[in-house]
file query-v9.txt (compact mmCIF, C-alpha atoms)
# COMPACT_ATOMS: atom_id res chain seq x y z
CA MET L 211 71.41 158.76 150.13
CA LYS L 212 70.28 155.89 147.90
CA HIS L 213 70.80 158.07 144.82
CA LYS L 214 74.26 159.06 146.09
CA ALA L 215 75.22 155.40 146.58
CA LEU L 216 74.03 154.52 143.06
CA ILE L 217 75.94 157.47 141.60
CA LEU L 218 79.16 156.44 143.39
CA LEU L 219 78.67 152.84 142.28
CA ALA L 220 78.11 153.93 138.67
CA LEU L 221 81.16 156.23 138.84
CA GLY L 222 83.36 153.44 140.18
CA ILE L 223 82.19 151.02 137.50
CA GLY L 224 82.65 153.78 134.93
CA ILE L 225 86.32 154.19 135.89
CA LEU L 226 86.83 150.45 135.51
CA VAL L 227 85.07 150.43 132.12
CA VAL L 228 87.25 153.29 130.86
CA MET L 229 90.38 151.38 131.85
CA ILE L 230 89.09 148.23 130.12
CA LEU L 231 88.34 150.22 126.96
CA PHE L 232 91.82 151.76 127.11
CA ILE L 233 93.52 148.36 127.32
CA GLY L 234 91.14 146.79 124.80
CA PRO L 235 88.12 144.59 125.60
CA ALA L 236 89.10 142.06 122.90
CA LYS L 237 92.59 141.63 124.37
CA ILE L 238 91.18 141.15 127.87
CA GLU L 239 88.60 138.67 126.57
CA ASP L 240 91.33 136.67 124.83
CA ALA L 241 93.38 136.68 128.04
CA ILE L 242 90.42 135.44 130.08
CA LYS L 243 89.88 132.60 127.60
CA MET L 244 93.50 131.57 128.23
CA ALA L 245 92.90 131.12 131.96
CA ASN L 246 93.29 127.62 133.33
CA LEU L 247 89.90 126.79 134.88
CA TRP L 248 91.47 124.42 137.40
CA TYR L 249 93.48 127.27 138.91
CA VAL L 250 90.43 129.55 138.92
CA THR L 251 88.41 126.81 140.65
CA LEU L 252 91.19 126.41 143.20
CA ALA L 253 91.08 130.19 143.87
CA ILE L 254 87.31 129.95 144.45
CA LEU L 255 87.81 127.05 146.88
CA ILE L 256 90.46 129.08 148.71
CA GLN L 257 87.95 131.92 149.07
CA PHE L 258 85.50 129.53 150.75
CA LEU L 259 88.34 128.36 153.00
CA LEU L 260 88.82 132.02 153.98
CA TYR L 261 85.12 132.30 154.86
CA CYS L 262 85.56 129.31 157.18
CA LEU L 263 88.70 130.78 158.78
CA TRP L 264 87.02 134.17 159.34
CA THR L 265 84.06 132.39 160.92
CA TYR L 266 86.34 130.33 163.15
CA ARG L 267 88.25 133.45 164.26
CA TRP L 268 85.01 135.19 165.19
CA SER L 269 83.94 132.11 167.16
CA ILE L 270 87.08 132.49 169.29
CA THR L 271 85.91 135.90 170.53
CA THR L 272 82.27 134.85 170.98
CA ASN L 273 83.30 131.80 173.03
CA SER L 274 85.59 133.99 175.15
CA VAL L 275 82.65 136.04 176.50
CA GLY L 276 80.33 133.07 176.86
CA ILE L 277 78.10 133.65 173.81
CA SER L 278 76.92 130.16 172.93
CA ILE L 279 76.31 130.00 169.20
CA LYS L 280 77.34 127.43 166.60
CA LYS L 281 79.70 128.33 163.76
CA ARG L 282 77.09 127.45 161.15
CA TYR L 283 75.02 130.37 162.46
CA LEU L 284 78.00 132.75 162.64
CA PHE L 285 78.83 132.12 158.97
CA PRO L 286 75.68 133.75 157.48
CA MET L 287 76.05 136.68 159.90
CA LEU L 288 79.63 137.15 158.73
CA MET L 289 78.61 137.05 155.05
CA VAL L 290 75.85 139.64 155.53
CA GLY L 291 78.30 141.90 157.36
CA MET L 292 80.88 141.58 154.59
CA ALA L 293 78.24 142.32 151.95
CA ALA L 294 77.19 145.44 153.88
CA ASN L 295 80.81 146.62 153.94
CA ASN L 296 80.97 146.16 150.17
CA ILE L 297 77.76 147.95 149.19
CA ILE L 298 77.64 150.82 151.71
CA PRO L 299 79.99 153.61 150.53
CA SER L 300 79.86 155.74 153.70
CA ALA L 301 82.46 153.67 155.58
CA ARG L 302 84.30 150.38 155.31
CA GLY L 303 83.06 149.44 158.76
CA ALA L 304 79.29 149.47 158.21
CA GLY L 305 79.07 145.69 158.38
CA GLU L 306 80.50 145.42 161.90
CA PRO L 307 77.57 147.06 163.74
CA LEU L 308 75.22 144.99 161.59
CA ARG L 309 77.03 141.77 162.53
CA ALA L 310 76.80 142.75 166.19
CA TYR L 311 73.10 143.52 165.87
CA ILE L 312 72.29 140.16 164.24
CA LEU L 313 74.43 138.25 166.75
CA SER L 314 72.74 140.05 169.64
CA LYS L 315 69.28 139.36 168.24
CA TYR L 316 69.77 135.66 167.54
CA SER L 317 71.91 134.77 170.56
CA ARG L 318 69.79 136.94 172.89
CA THR L 319 72.81 138.69 174.37
CA PRO L 320 73.28 142.43 175.07
CA ILE L 321 74.31 144.40 171.97
CA GLU L 322 77.40 145.81 173.73
CA LYS L 323 78.60 142.26 174.42
CA SER L 324 78.12 141.07 170.84
CA PHE L 325 79.66 144.30 169.49
CA ALA L 326 82.75 143.71 171.65
CA THR L 327 83.26 140.30 169.97
CA VAL L 328 83.08 141.92 166.53
CA ILE L 329 85.52 144.70 167.49
CA ALA L 330 87.93 142.14 168.96
CA ASP L 331 87.62 140.03 165.81
CA ARG L 332 88.39 142.99 163.56
CA GLY L 333 91.14 144.10 165.93
CA LEU L 334 92.96 140.82 165.34
CA ASP L 335 93.30 141.87 161.69
CA ILE L 336 95.14 145.02 162.71
CA PHE L 337 98.32 143.22 163.83
CA PRO L 338 99.19 141.58 160.49
CA PHE L 339 97.81 144.50 158.49
CA ILE L 340 100.01 147.10 160.21
CA CYS L 341 103.10 144.89 159.89
CA LEU L 342 102.42 144.10 156.23
CA ALA L 343 101.47 147.72 155.44
CA ILE L 344 104.76 149.09 156.81
CA ILE L 345 106.79 146.47 154.93
CA THR L 346 104.75 147.15 151.78
CA ILE L 347 105.29 150.91 151.91
CA ILE L 348 109.05 150.45 152.31
CA ALA L 349 109.14 147.87 149.48
CA MET L 350 107.00 150.02 147.14
CA VAL L 351 109.23 153.06 147.74
CA LEU L 352 112.23 150.94 146.74
CA TYR L 353 110.55 149.12 143.82
CA PHE L 354 108.16 151.69 142.31
CA SER L 355 108.79 155.33 141.47
CA LEU L 356 106.08 156.82 143.68
CA SER L 357 105.66 160.55 144.13
CA LYS L 358 106.27 162.01 147.57
CA TRP L 359 102.61 162.86 148.18
CA VAL L 360 101.60 159.23 147.54
CA ILE L 361 104.22 158.01 150.04
CA TYR L 362 103.10 160.60 152.60
CA ALA L 363 99.45 159.62 152.06
CA LEU L 364 100.25 155.94 152.63
CA LEU L 365 102.25 156.66 155.76
CA LEU L 366 99.49 158.92 157.05
CA SER L 367 96.82 156.26 156.43
CA VAL L 368 98.81 153.67 158.43
CA MET L 369 99.46 156.15 161.26
CA VAL L 370 95.79 157.18 161.42
CA LEU L 371 94.66 153.54 161.41
CA LEU L 372 97.10 152.69 164.20
CA ALA L 373 96.10 155.78 166.22
CA VAL L 374 92.38 154.98 165.92
CA PHE L 375 93.01 151.38 166.97
CA VAL L 376 95.07 152.40 170.02
CA LEU L 377 92.52 155.06 170.97
CA ALA L 378 89.62 152.59 170.68
CA ILE L 379 91.42 150.02 172.83
CA TYR L 380 92.34 152.65 175.42
CA MET L 381 88.77 153.93 175.57
CA SER L 382 87.47 150.38 175.86
CA LEU L 383 89.70 149.50 178.79
CA ASN L 384 89.94 152.85 180.62
CA LYS L 385 86.67 153.81 182.29
CA LYS L 386 87.69 157.41 183.13
CA PHE L 387 88.72 158.13 179.55
CA ALA L 388 85.47 156.57 178.29
CA GLU L 389 83.51 158.85 180.62
CA ARG L 390 85.27 161.87 179.10
CA VAL L 391 84.40 160.70 175.59
CA SER L 392 80.79 159.76 176.43
CA PRO L 393 79.40 163.37 176.23
CA TRP L 394 80.61 163.54 172.63
CA ILE L 395 78.88 160.20 171.88
CA VAL L 396 75.71 161.40 173.60
CA LYS L 397 75.79 164.61 171.54
CA ILE L 398 75.90 162.61 168.31
CA LEU L 399 73.17 160.19 169.40
CA ASN L 400 70.99 163.08 170.56
CA ARG L 401 70.67 164.24 166.95
CA PHE L 402 69.23 160.91 165.82
CA SER L 403 67.21 159.85 168.86
CA ARG L 404 63.91 161.09 170.26
CA ARG L 405 64.83 159.98 173.76
CA LYS L 406 65.64 162.55 176.44
CA ARG L 407 69.30 163.46 176.92
CA ASN L 408 69.42 162.02 180.48
CA GLU L 409 68.03 158.71 179.25
CA ILE L 410 70.56 158.61 176.41
CA GLU L 411 73.41 159.31 178.85
CA LYS L 412 72.34 156.40 181.08
CA ARG L 413 72.07 154.02 178.12
CA VAL L 414 75.46 155.10 176.73
CA MET L 415 77.24 154.64 180.08
CA LYS L 416 75.57 151.26 180.57
CA ALA L 417 76.59 150.19 177.06
CA ILE L 418 80.19 151.39 177.57
CA GLY L 419 80.36 149.53 180.88
CA GLY L 420 79.15 146.29 179.31
CA PHE L 421 81.42 146.77 176.29
CA GLN L 422 84.46 147.38 178.49
CA GLY L 423 83.64 144.39 180.68
CA SER L 424 83.44 142.09 177.66
CA LEU L 425 86.71 143.36 176.19
CA LYS L 426 88.50 142.97 179.53
CA VAL L 427 87.35 139.35 179.70
CA MET L 428 88.73 138.77 176.20
CA ALA L 429 91.97 140.61 176.99
CA ARG L 430 92.64 138.09 179.75
CA ASP L 431 91.88 135.15 177.48
CA ARG L 432 95.18 133.83 176.11
CA THR L 433 93.31 131.85 173.46
CA ILE L 434 92.47 135.04 171.57
CA LEU L 435 96.06 136.22 171.20
CA GLY L 436 97.49 132.70 171.09
CA TYR L 437 95.23 131.52 168.28
CA GLY L 438 93.63 134.67 166.88
CA VAL L 439 96.77 136.61 165.92
CA PRO L 440 98.57 133.68 164.18
CA LEU L 441 95.28 132.84 162.45
CA SER L 442 95.02 136.44 161.19
CA PHE L 443 98.53 136.28 159.73
CA LEU L 444 97.59 132.97 158.07
CA ILE L 445 94.42 134.52 156.60
CA TRP L 446 96.36 137.39 155.04
CA PHE L 447 98.91 134.96 153.59
CA ILE L 448 96.14 132.81 152.09
CA GLU L 449 94.50 135.90 150.56
CA ILE L 450 97.78 136.81 148.87
CA LEU L 451 98.23 133.18 147.80
CA ARG L 452 94.79 133.27 146.17
CA VAL L 453 95.89 136.16 143.95
CA TYR L 454 99.12 134.30 143.12
CA ILE L 455 97.11 131.26 142.02
CA ILE L 456 94.91 133.44 139.79
CA PHE L 457 98.01 134.75 138.01
CA SER L 458 99.25 131.16 137.71
CA ALA L 459 96.02 130.44 135.79
CA PHE L 460 97.41 132.69 133.04
CA ASN L 461 100.82 130.99 133.14
CA VAL L 462 102.40 134.27 134.26
CA ASP L 463 105.29 134.18 136.70
CA VAL L 464 104.69 137.02 139.14
CA SER L 465 106.69 137.24 142.33
CA LEU L 466 104.67 136.54 145.48
CA ILE L 467 106.34 139.63 146.99
CA ILE L 468 105.05 141.85 144.14
CA ILE L 469 101.55 140.43 144.56
CA ALA L 470 101.73 141.02 148.32
CA MET L 471 102.85 144.63 147.80
CA VAL L 472 100.06 145.43 145.34
CA PHE L 473 97.44 143.58 147.42
CA ILE L 474 98.29 145.43 150.65
CA PHE L 475 98.55 148.75 148.79
CA ALA L 476 95.10 148.18 147.27
CA SER L 477 93.77 147.31 150.75
CA LEU L 478 95.11 150.62 152.08
CA ILE L 479 93.40 152.51 149.26
CA GLY L 480 90.24 150.52 149.95
CA LEU L 481 90.10 152.05 153.44
CA ILE L 482 89.20 155.39 151.82
CA PRO L 483 85.37 155.33 151.76
CA ILE L 484 84.78 156.89 148.34
CA PHE L 485 83.37 154.12 146.18
CA PRO L 486 81.44 151.07 147.45
CA GLY L 487 83.98 148.29 148.01
CA GLY L 488 86.65 150.41 146.30
CA ILE L 489 85.12 149.63 142.90
CA GLY L 490 87.17 151.31 140.21
CA ALA L 491 89.89 152.57 142.56
CA ILE L 492 91.16 149.19 143.78
CA ASP L 493 90.67 147.50 140.39
CA GLY L 494 92.42 150.29 138.51
CA LEU L 495 95.38 150.45 140.90
CA MET L 496 95.89 146.70 140.78
CA ILE L 497 95.90 146.72 136.97
CA VAL L 498 98.34 149.66 136.83
CA PHE L 499 100.84 148.28 139.36
CA TYR L 500 100.81 144.73 138.00
CA SER L 501 101.43 146.16 134.52
CA TYR L 502 104.23 148.32 135.90
CA ALA L 503 105.77 145.19 137.42
CA GLY L 504 106.06 143.64 133.96
CA VAL L 505 102.76 141.82 133.53
CA PRO L 506 101.07 142.51 130.15
CA PRO L 507 98.16 144.96 130.67
CA SER L 508 95.61 142.54 129.20
CA ILE L 509 96.72 139.80 131.65
CA SER L 510 96.78 142.29 134.54
CA ALA L 511 93.22 143.36 133.73
CA ALA L 512 91.96 139.79 133.22
CA ALA L 513 93.55 138.55 136.47
CA THR L 514 92.22 141.56 138.41
CA ILE L 515 88.70 141.06 137.05
CA ILE L 516 88.69 137.38 138.07
CA GLU L 517 90.20 138.21 141.47
CA ARG L 518 87.54 140.84 142.17
CA LEU L 519 84.76 138.55 140.91
CA ILE L 520 85.84 136.01 143.52
CA SER L 521 86.80 138.22 146.48
CA PHE L 522 84.30 141.06 146.06
CA TRP L 523 81.33 140.14 143.87
CA MET L 524 80.94 136.52 144.98
CA THR L 525 81.09 137.61 148.64
CA THR L 526 78.56 140.40 148.06
CA ILE L 527 76.13 138.16 146.15
CA ILE L 528 76.27 135.44 148.83
CA GLY L 529 75.72 138.00 151.61
CA ILE L 530 72.74 139.62 149.85
CA ALA L 531 71.27 136.18 149.07
CA ILE L 532 71.40 135.32 152.79
CA LEU L 533 69.73 138.61 153.85
CA PRO L 534 66.11 137.34 153.62
CA TYR L 535 66.97 134.65 156.18
CA PHE L 536 67.38 137.35 158.85
CA GLY L 537 64.17 139.14 157.96
CA ALA L 538 63.04 142.49 156.57
CA GLU L 539 64.34 144.45 159.59
CA VAL L 540 67.99 143.64 158.83
CA PHE L 541 67.36 144.32 155.13
CA ASP L 542 66.03 147.78 156.00
CA ARG L 543 68.98 148.52 158.30
CA ILE L 544 71.36 148.02 155.38
CA PHE L 545 69.54 149.90 152.69
CA LYS L 546 68.57 152.84 154.90
CA LYS L 547 72.32 153.56 155.11
CA LEU L 548 72.68 153.78 151.33
call {"tool": "encode", "arguments": {"input": "query-v9.txt", "output": "structure tokens"}}
result
Amino acid sequence: MKHKALILLALGIGILVVMILFIGPAKIEDAIKMANLWYVTLAILIQFLLYCLWTYRWSITTNSVGISIKKRYLFPMLMVGMAANNIIPSARGAGEPLRAYILSKYSRTPIEKSFATVIADRGLDIFPFICLAIITIIAMVLYFSLSKWVIYALLLSVMVLLAVFVLAIYMSLNKKFAERVSPWIVKILNRFSRRKRNEIEKRVMKAIGGFQGSLKVMARDRTILGYGVPLSFLIWFIEILRVYIIFSAFNVDVSLIIIAMVFIFASLIGLIPIFPGGIGAIDGLMIVFYSYAGVPPSISAAATIIERLISFWMTTIIGIAILPYFGAEVFDRIFKKL
């Protein structure tokens, strides 16, 4: 699996390199030299603000179920989880179980309880993402000349994401439905565990019970919806604003609506677990659509490279740098998945 991950990473980087060569490395280098460093610095500071907001949002769900842990300890857990999502190509949700595991270990709470806080935290992102994704698809159909299969693929991705979210919530809150699904979960776990099937069944049902109990407590907490959902909308707006500021560094007037459309579209493509962190796919699509919107290709490439250095590479490097703090066991859990 490690070789597969390295091959996918190399392939993704290769796609990006080909695009850079096509546009012209010298032109992109000249464009990068034009960038106003004050704007780039501001974009970096905004990224750190986002880290703080993500940490604060997670603390809302942990406080709701009575997990007593300070935000300064949640922050490194969050960064490690985000780094895992970026480097593990198998799924864009690999960092969530890891976050739950670290939180459970260091707060000494049951894993199902800590995992419920992570699921609730990620669930808060669904509300703005679905709304923005639907608006983006409509806007892109009107603004860009997309082929029918691309439109259908986008609509399908949103519908699947919404269906999975609704199904997960229903399973989490409905005990009878969870009991029907549990044999399928046990069947999967039985392939990877040496424990007896009866023992696995007991552990799964206990975990589901604890998980459901934690989510029900959070569902009754008005603070989560009252603060968490508006905060999630704010986070998405700030992310889009960060991209806008990066383009401002090149003295290019790009509509905030265009940036929002391309950013959400790239996020949808990023849900497809082909390349680690969407390397190559996300970068290439952003360059193409910004160029199509009237931005010179060299500026589009330069702005995309800086944006990805801040949002993807900086996040990944910080997360990996923090890994030793949690010990070799967490390190192994990440790289065994590669």
call {"tool": "atom_distance", "arguments": {"input": "query-v9.txt", "atom1": "CA of Ala293 (chain L)", "atom2": "CA of Glu517 (chain L)"}}
result
16.4 Å
call {"tool": "closest_residue", "arguments": {"input": "query-v9.txt", "among": "L:Phe499, L:Phe325, L:Tyr283, L:Tyr311", "to": "Ile532 (chain L)", "atoms": "only C-alpha atoms"}}
result
L:Tyr283
call {"tool": "atom_distance", "arguments": {"input": "query-v9.txt", "atom1": "CA of Phe258 (chain L)", "atom2": "CA of Ile445 (chain L)"}}
result
11.8 Å
call {"tool": "residues_near_point", "arguments": {"input": "query-v9.txt", "point": "(72.4, 137.5, 167.3)", "cutoff": "12 Å", "atoms": "only C-alpha atoms", "output": "compact mmCIF listing (two decimals) with C-alpha atoms, in the coordinates of the input"}}
result
# COMPACT_ATOMS: atom_id res chain seq x y z
CA THR L 272 82.27 134.85 170.98
CA ILE L 277 78.10 133.65 173.81
CA SER L 278 76.92 130.16 172.93
CA ILE L 279 76.31 130.00 169.20
CA LYS L 280 77.34 127.43 166.60
CA TYR L 283 75.02 130.37 162.46
CA LEU L 284 78.00 132.75 162.64
CA PHE L 285 78.83 132.12 158.97
CA PRO L 286 75.68 133.75 157.48
CA MET L 287 76.05 136.68 159.90
CA LEU L 288 79.63 137.15 158.73
CA PRO L 307 77.57 147.06 163.74
CA LEU L 308 75.22 144.99 161.59
CA ARG L 309 77.03 141.77 162.53
CA ALA L 310 76.80 142.75 166.19
CA TYR L 311 73.10 143.52 165.87
CA ILE L 312 72.29 140.16 164.24
CA LEU L 313 74.43 138.25 166.75
CA SER L 314 72.74 140.05 169.64
CA LYS L 315 69.28 139.36 168.24
CA TYR L 316 69.77 135.66 167.54
CA SER L 317 71.91 134.77 170.56
CA ARG L 318 69.79 136.94 172.89
CA THR L 319 72.81 138.69 174.37
CA PRO L 320 73.28 142.43 175.07
CA ILE L 321 74.31 144.40 171.97
CA GLU L 322 77.40 145.81 173.73
CA LYS L 323 78.60 142.26 174.42
CA SER L 324 78.12 141.07 170.84
CA PHE L 325 79.66 144.30 169.49
CA THR L 327 83.26 140.30 169.97
CA VAL L 328 83.08 141.92 166.53
CA PHE L 536 67.38 137.35 158.85
CA VAL L 540 67.99 143.64 158.83
call {"tool": "atom_distance", "arguments": {"input": "query-v9.txt", "atom1": "CA of Ala513 (chain L)", "atom2": "CA of Thr265 (chain L)"}}
result
26.9 Å
call {"tool": "residues_around", "arguments": {"input": "query-v9.txt", "residues": "region 438-443 of chain L", "least_positions_apart": "2", "cutoff": "9 Å", "atoms": "only C-alpha atoms", "output": "short mmCIF file (atom, residue, chain, number, x, y, z; two decimals) with C-alpha atoms, in the coordinates of the input"}}
result
data_model
loop_
_atom_site.label_atom_id
_atom_site.label_comp_id
_atom_site.auth_asym_id
_atom_site.auth_seq_id
_atom_site.Cartn_x
_atom_site.Cartn_y
_atom_site.Cartn_z
CA LEU L 263 88.70 130.78 158.78
CA TRP L 264 87.02 134.17 159.34
CA ARG L 267 88.25 133.45 164.26
CA TRP L 268 85.01 135.19 165.19
CA ILE L 270 87.08 132.49 169.29
CA THR L 271 85.91 135.90 170.53
CA ASP L 331 87.62 140.03 165.81
CA LEU L 334 92.96 140.82 165.34
CA ASP L 335 93.30 141.87 161.69
CA ILE L 336 95.14 145.02 162.71
CA PHE L 337 98.32 143.22 163.83
CA PRO L 338 99.19 141.58 160.49
CA PHE L 339 97.81 144.50 158.49
CA THR L 433 93.31 131.85 173.46
CA ILE L 434 92.47 135.04 171.57
CA LEU L 435 96.06 136.22 171.20
CA GLY L 436 97.49 132.70 171.09
CA ILE L 445 94.42 134.52 156.60
CA TRP L 446 96.36 137.39 155.04
CA PHE L 447 98.91 134.96 153.59
CA ILE L 448 96.14 132.81 152.09
#
call {"tool": "residues_around", "arguments": {"input": "query-v9.txt", "residues": "region 454-461 of chain L", "least_positions_apart": "2", "cutoff": "10 Å", "atoms": "all atoms listed in the file", "output": "PyMOL selection string"}}
result
chain L and resi 241-254+256+448-452+463-470+505+509-510+512-514+516-517
call {"tool": "closest_residue", "arguments": {"input": "query-v9.txt", "among": "L:Ala531, L:Ile520, L:Ala511, L:Ala373", "to": "Gly234 (chain L)", "atoms": "all atoms listed in the file"}}
result
L:Ala511
